[in-house]
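Below: the structure, in structure tokens.
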Amino acid sequence: MPHQPTFVFVHGAFANSFSFAPLQAELALLGHRSVALDLPGHGFGATFATAYQTPQDLDALAVEPGSIKGVTLADNAAHVIEVVERAKQNGPVILVGHSRGGATITAVGNARPDLIDRIVYVSAWCPVDLTVGDYYAEPEMADVDPGAFAAALVGNPAELGVLRVNFRTAEPKTLAAMKQAFSADLTDDEFRTFLNTFQPDENLDVGTSADRAQAATWGRIPRTYVRLTDDTSVPPAMQDRMIREADALTPDNPFDVGTLESSHLSWLVHPKPAAELLGALAAR
């Protein structure tokens with residue numbers, strides 16, 4: 001079926017392709033094909049040190065090397081481009097990014113707009129006027145709890161060359177802060193299940209001003225932003241700001257905007273509404 005689109009899913013920080021499995025199942029039942037990829041150093045390329053197992057040795061974990069050290073946004077984009085090139089041989093491509101994956105798909109759109117038939121952000125970073133890092137200092141992020149990760153951080157990122165989080169912590173306050181940040185609308189069991197799909201390490205590079213959306217390339221791609229109404233990690237106010245900035249960059253090609261009632265993660269745990277929304281894009 002050469003004209004059937006292929007969805008290519010790009011995960012966010014500390015995540016991997018596994019988190020898209022329920023969504024892919026729903027899309028398949030609707031007749032759509034998809035591929036979820038692992039960025040470099042993710043999935044089966046991740047580092048799960050013995051010290052991360054039980055019983056944990058946090059002192060050892062604080063100095064254990066991680067395979068994701070030195071991975072850059074450019075590395076992520078190059079990997080996605082390779083996958084999209086292969087998918088494009090079979091028909092149109094709808095490139096979908098979640099959370100930090102938005103920075104990666106933006107870089108891909110800047111580099112190879114010819115490969116993408118639609119680019120979709122699901123509560124994902126779409127840097128236009130600022131870098132991803134700079135957006136965190138903006139008023140729209142004022143209510144985001146910077147301590148959600150802080151208590152679970154392991155080691156010194158500057159020395160390790162990675163951002164390392166102990167997602168296997170059993171500390172109640174830390175778990176409660178993470179749940180509030182990611183998935184307040186999930187049950188405790190659903191939250192802990194998702195948490196156990198996370199990997200401890202993430203790379204440090206979220207791009208520079210050169211990686212912001214470029215009107216001449218990225219701006220040519222038809223685009224959709226899926227807002228998550230209950231997201232406390234990338235709040236709706238920030239999602240709406242990025243939509244406005246992108247529309248101002250290319251007013252003749254504005255975002256098509258959809259909305260899901262979801263926290264940052266629950267749309268992946270209960271994916272039927274998301275699958276229906278994405279399936280409607282494929283039917284265009």
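To be explicit about the labels: the chains of the structure tokens are called A, B, and onward in the order shown, and within each one the residues are counted from 1, while ligands get numbers from 1 in the order they are shown.
Using only C-alpha atoms, the residues found no farther than 12 Å from Arg86 (chain A), other than those of its own chain fewer than 6 positions away, are A:Thr6, A:Val8, A:Val35, A:His79, A:Val80, A:Pro92, A:Val93, A:Leu115, A:Ile116.
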Could you pull out all residues of region 1-99 of chain A with a DSSP call of helix (DSSP H, G or I) and give them as a PyMOL selection string?
-> chain A and resi 17-29+43-45+50-52+58-61+73-88
Using only C-alpha atoms, what table do you get, as CSV, when you list each residue of region 1-108 of chain A with an atom no more than 7 Å from region 126-143 of chain A, its nearest pair of atoms, and their distance in Å rounded to one decimal, rows by chain then rising number?
```
residue,atom,partner,partner_atom,distance
A:Gly102,CA,A:Cys126,CA,5.6
A:Ala103,CA,A:Cys126,CA,6.1
A:Thr106,CA,A:Cys126,CA,6.6
```
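Using only C-alpha atoms, the shortest contact distance between Arg241 (chain A) and any of A:Gln53, A:Asn16, A:Thr208, A:Ser123 is found at A:Ser123.
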12 Å contact set for region 273-284 of chain A, only C-alpha atoms, chain neighbours under 3 positions out, as an MDAnalysis selection string = chainID A and resid 3:9 20:34 91:96 117:122 222:228 256:262 265:270
If you count only C-alpha atoms, which residues fall within 8 Å of region 144-149 of chain A, apart from same-chain ones fewer than 6 positions away, as a PyMOL selection string?
-> chain A and resi 165+174+177-178+181+232-235
Mind writing the picked residues with all heavy atoms as an mmCIF file, in the first residue's frame?
```cif
data_model
loop_
_atom_site.group_PDB
_atom_site.id
_atom_site.type_symbol
_atom_site.label_atom_id
_atom_site.label_comp_id
_atom_site.auth_asym_id
_atom_site.auth_seq_id
_atom_site.Cartn_x
_atom_site.Cartn_y
_atom_site.Cartn_z
ATOM 1 N N VAL A 165 19.138 9.574 36.801
ATOM 2 C CA VAL A 165 18.049 9.621 37.774
ATOM 3 C C VAL A 165 17.754 8.205 38.255
ATOM 4 O O VAL A 165 17.669 7.265 37.454
ATOM 5 C CB VAL A 165 16.774 10.237 37.153
ATOM 6 C CG1 VAL A 165 15.603 10.174 38.133
ATOM 7 C CG2 VAL A 165 17.030 11.678 36.723
ATOM 8 N N THR A 174 9.543 11.438 46.840
ATOM 9 C CA THR A 174 10.098 11.540 45.495
ATOM 10 C C THR A 174 9.153 10.916 44.480
ATOM 11 O O THR A 174 8.902 11.490 43.406
ATOM 12 C CB THR A 174 11.475 10.843 45.431
ATOM 13 O OG1 THR A 174 12.335 11.437 46.396
ATOM 14 C CG2 THR A 174 12.085 10.985 44.049
ATOM 15 N N ALA A 177 6.233 13.224 43.924
ATOM 16 C CA ALA A 177 6.579 14.376 43.085
ATOM 17 C C ALA A 177 6.670 13.981 41.620
ATOM 18 O O ALA A 177 6.213 14.726 40.738
ATOM 19 C CB ALA A 177 7.905 14.980 43.549
ATOM 20 N N MET A 178 7.245 12.818 41.345
ATOM 21 C CA MET A 178 7.328 12.349 39.962
ATOM 22 C C MET A 178 5.941 12.074 39.389
ATOM 23 O O MET A 178 5.652 12.423 38.236
ATOM 24 C CB MET A 178 8.181 11.078 39.893
ATOM 25 C CG MET A 178 9.662 11.299 40.082
ATOM 26 S SD MET A 178 10.553 9.740 39.861
ATOM 27 C CE MET A 178 12.238 10.278 40.107
ATOM 28 N N ALA A 181 4.278 15.255 38.513
ATOM 29 C CA ALA A 181 4.892 15.897 37.348
ATOM 30 C C ALA A 181 4.508 15.221 36.039
ATOM 31 O O ALA A 181 4.337 15.891 35.017
ATOM 32 C CB ALA A 181 6.413 15.892 37.502
ATOM 33 N N THR A 232 1.555 18.751 33.534
ATOM 34 C CA THR A 232 2.251 19.645 34.468
ATOM 35 C C THR A 232 3.756 19.613 34.257
ATOM 36 O O THR A 232 4.500 20.218 35.021
ATOM 37 C CB THR A 232 1.925 19.265 35.922
ATOM 38 O OG1 THR A 232 2.235 17.887 36.145
ATOM 39 C CG2 THR A 232 0.453 19.507 36.223
ATOM 40 N N SER A 233 4.207 18.910 33.219
ATOM 41 C CA SER A 233 5.624 18.863 32.876
ATOM 42 C C SER A 233 5.939 19.867 31.772
ATOM 43 O O SER A 233 6.923 20.605 31.837
ATOM 44 C CB SER A 233 6.001 17.443 32.447
ATOM 45 O OG SER A 233 7.368 17.352 32.150
ATOM 46 N N VAL A 234 5.095 19.877 30.733
ATOM 47 C CA VAL A 234 5.111 20.931 29.716
ATOM 48 C C VAL A 234 3.703 21.532 29.762
ATOM 49 O O VAL A 234 2.803 21.056 29.079
ATOM 50 C CB VAL A 234 5.435 20.391 28.310
ATOM 51 C CG1 VAL A 234 5.514 21.548 27.310
ATOM 52 C CG2 VAL A 234 6.734 19.600 28.306
ATOM 53 N N PRO A 235 3.483 22.542 30.592
ATOM 54 C CA PRO A 235 2.129 23.038 30.836
ATOM 55 C C PRO A 235 1.443 23.552 29.573
ATOM 56 O O PRO A 235 2.103 23.991 28.621
ATOM 57 C CB PRO A 235 2.348 24.179 31.838
ATOM 58 C CG PRO A 235 3.669 23.891 32.469
ATOM 59 C CD PRO A 235 4.495 23.251 31.396
#
```
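Proximity of A:Ala60, A:Leu175, A:Val162, A:Val10 to Ala36 (chain A), computed with only C-alpha atoms, is greatest for A:Val10.
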By how many Å are CA of Gln199 (chain A) and CA of Arg164 (chain A) apart?
-> 8.8 Å
Test item, strand (DSSP E) assignment across region 50-219 of chain A, answer as a ChimeraX atom specification = /A:93-98,118-122,163-164,201-202
Next, write the just-selected residues to a file, as a CSV table (one decimal), in the first residue's frame, keeping all heavy atoms as the atom set.
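Result saved to result-v2.csv:
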```csv
chain,number,residue,atom,x,y,z
A,93,VAL,N,5.3,9.8,5.2
A,93,VAL,CA,5.7,9.7,6.6
A,93,VAL,C,5.1,10.8,7.5
A,93,VAL,O,5.2,12.0,7.1
A,93,VAL,CB,7.3,9.8,6.7
A,93,VAL,CG1,7.8,9.9,8.1
A,93,VAL,CG2,7.9,8.6,6.0
A,94,ILE,N,4.6,10.4,8.6
A,94,ILE,CA,4.1,11.3,9.6
A,94,ILE,C,5.1,11.1,10.8
A,94,ILE,O,5.1,10.1,11.5
A,94,ILE,CB,2.7,11.0,10.0
A,94,ILE,CG1,1.7,11.1,8.8
A,94,ILE,CG2,2.2,11.9,11.2
A,94,ILE,CD1,0.3,10.7,9.1
A,95,LEU,N,5.9,12.1,11.1
A,95,LEU,CA,6.9,12.1,12.1
A,95,LEU,C,6.3,12.7,13.4
A,95,LEU,O,5.8,13.8,13.4
A,95,LEU,CB,8.1,12.9,11.7
A,95,LEU,CG,9.3,12.9,12.7
A,95,LEU,CD1,9.8,11.5,13.0
A,95,LEU,CD2,10.4,13.8,12.1
A,96,VAL,N,6.3,11.9,14.5
A,96,VAL,CA,5.6,12.3,15.7
A,96,VAL,C,6.6,12.3,16.9
A,96,VAL,O,7.4,11.3,17.1
A,96,VAL,CB,4.5,11.3,16.1
A,96,VAL,CG1,3.8,11.8,17.4
A,96,VAL,CG2,3.5,11.1,14.9
A,97,GLY,N,6.7,13.4,17.6
A,97,GLY,CA,7.6,13.5,18.7
A,97,GLY,C,6.8,13.9,20.0
A,97,GLY,O,5.9,14.6,20.0
A,98,HIS,N,7.3,13.3,21.1
A,98,HIS,CA,6.7,13.6,22.4
A,98,HIS,C,7.8,14.2,23.3
A,98,HIS,O,8.9,13.7,23.3
A,98,HIS,CB,6.2,12.2,23.0
A,98,HIS,CG,5.7,12.4,24.4
A,98,HIS,ND1,6.1,11.5,25.4
A,98,HIS,CD2,4.8,13.3,25.0
A,98,HIS,CE1,5.5,11.9,26.6
A,98,HIS,NE2,4.7,12.9,26.3
A,118,ARG,N,4.1,15.1,7.3
A,118,ARG,CA,3.4,15.9,8.4
A,118,ARG,C,4.3,15.6,9.6
A,118,ARG,O,4.8,14.5,9.8
A,118,ARG,CB,2.0,15.4,8.6
A,118,ARG,CG,1.3,16.2,9.8
A,118,ARG,CD,-0.2,16.0,9.8
A,118,ARG,NE,-0.8,16.7,8.7
A,118,ARG,CZ,-1.2,18.0,8.7
A,118,ARG,NH1,-1.0,18.7,9.8
A,118,ARG,NH2,-1.8,18.5,7.7
A,119,ILE,N,4.5,16.7,10.4
A,119,ILE,CA,5.2,16.6,11.6
A,119,ILE,C,4.3,16.9,12.8
A,119,ILE,O,3.5,17.9,12.7
A,119,ILE,CB,6.5,17.6,11.6
A,119,ILE,CG1,7.4,17.3,12.7
A,119,ILE,CG2,6.0,19.0,11.6
A,119,ILE,CD1,8.8,18.0,12.5
A,120,VAL,N,4.3,16.1,13.8
A,120,VAL,CA,3.3,16.1,14.9
A,120,VAL,C,4.0,16.2,16.2
A,120,VAL,O,4.9,15.4,16.5
A,120,VAL,CB,2.4,14.9,14.9
A,120,VAL,CG1,1.4,15.0,16.0
A,120,VAL,CG2,1.7,14.7,13.5
A,121,TYR,N,3.7,17.2,17.0
A,121,TYR,CA,4.2,17.4,18.3
A,121,TYR,C,3.1,17.1,19.3
A,121,TYR,O,2.0,17.6,19.3
A,121,TYR,CB,4.6,18.9,18.5
A,121,TYR,CG,5.8,19.3,17.7
A,121,TYR,CD1,5.6,19.6,16.3
A,121,TYR,CD2,7.0,19.4,18.2
A,121,TYR,CE1,6.7,20.0,15.5
A,121,TYR,CE2,8.1,19.9,17.5
A,121,TYR,CZ,7.9,20.1,16.1
A,121,TYR,OH,9.0,20.5,15.3
A,122,VAL,N,3.4,16.1,20.2
A,122,VAL,CA,2.4,15.8,21.3
A,122,VAL,C,3.0,16.3,22.6
A,122,VAL,O,4.0,15.7,23.2
A,122,VAL,CB,2.2,14.3,21.4
A,122,VAL,CG1,1.1,14.0,22.5
A,122,VAL,CG2,1.7,13.7,20.1
A,163,LEU,N,22.9,12.9,32.4
A,163,LEU,CA,21.9,13.2,33.5
A,163,LEU,C,21.4,11.8,34.0
A,163,LEU,O,20.8,11.1,33.2
A,163,LEU,CB,20.8,14.0,33.0
A,163,LEU,CG,19.8,14.6,34.0
A,163,LEU,CD1,20.5,15.5,35.0
A,163,LEU,CD2,18.6,15.3,33.3
A,164,ARG,N,21.6,11.5,35.3
A,164,ARG,CA,21.3,10.2,35.8
A,164,ARG,C,20.2,10.3,36.9
A,164,ARG,O,20.4,11.1,37.9
A,164,ARG,CB,22.5,9.5,36.3
A,164,ARG,CG,22.2,8.1,36.9
A,164,ARG,CD,23.5,7.3,37.0
A,164,ARG,NE,24.0,6.9,35.7
A,164,ARG,CZ,25.3,6.5,35.5
A,164,ARG,NH1,26.1,6.4,36.5
A,164,ARG,NH2,25.7,6.2,34.3
A,201,ASP,N,19.6,7.0,32.5
A,201,ASP,CA,20.5,8.0,31.9
A,201,ASP,C,19.8,8.7,30.7
A,201,ASP,O,19.1,8.1,29.9
A,201,ASP,CB,21.8,7.4,31.4
A,201,ASP,CG,22.7,6.9,32.5
A,201,ASP,OD1,22.3,7.1,33.7
A,201,ASP,OD2,23.7,6.2,32.2
A,202,GLU,N,20.2,10.0,30.6
A,202,GLU,CA,19.8,10.8,29.4
A,202,GLU,C,21.0,11.7,29.1
A,202,GLU,O,21.8,12.1,29.9
A,202,GLU,CB,18.6,11.7,29.8
A,202,GLU,CG,18.0,12.5,28.6
A,202,GLU,CD,17.7,11.6,27.4
A,202,GLU,OE1,16.7,10.8,27.4
A,202,GLU,OE2,18.5,11.7,26.4
```
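In this structure, CA of Met242 (chain A) sits 21.9 Å away from CA of Ser183 (chain A).
One distance worth recording is that between CA of Thr193 (chain A) and CA of Phe18 (chain A), which is 11.8 Å.
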Kindly indicate which residue among A:Leu37, A:Ala170, A:Ala184, A:Ala237 lies nearest to Ala151 (chain A), using only C-alpha atoms for the distances.
-> A:Ala170
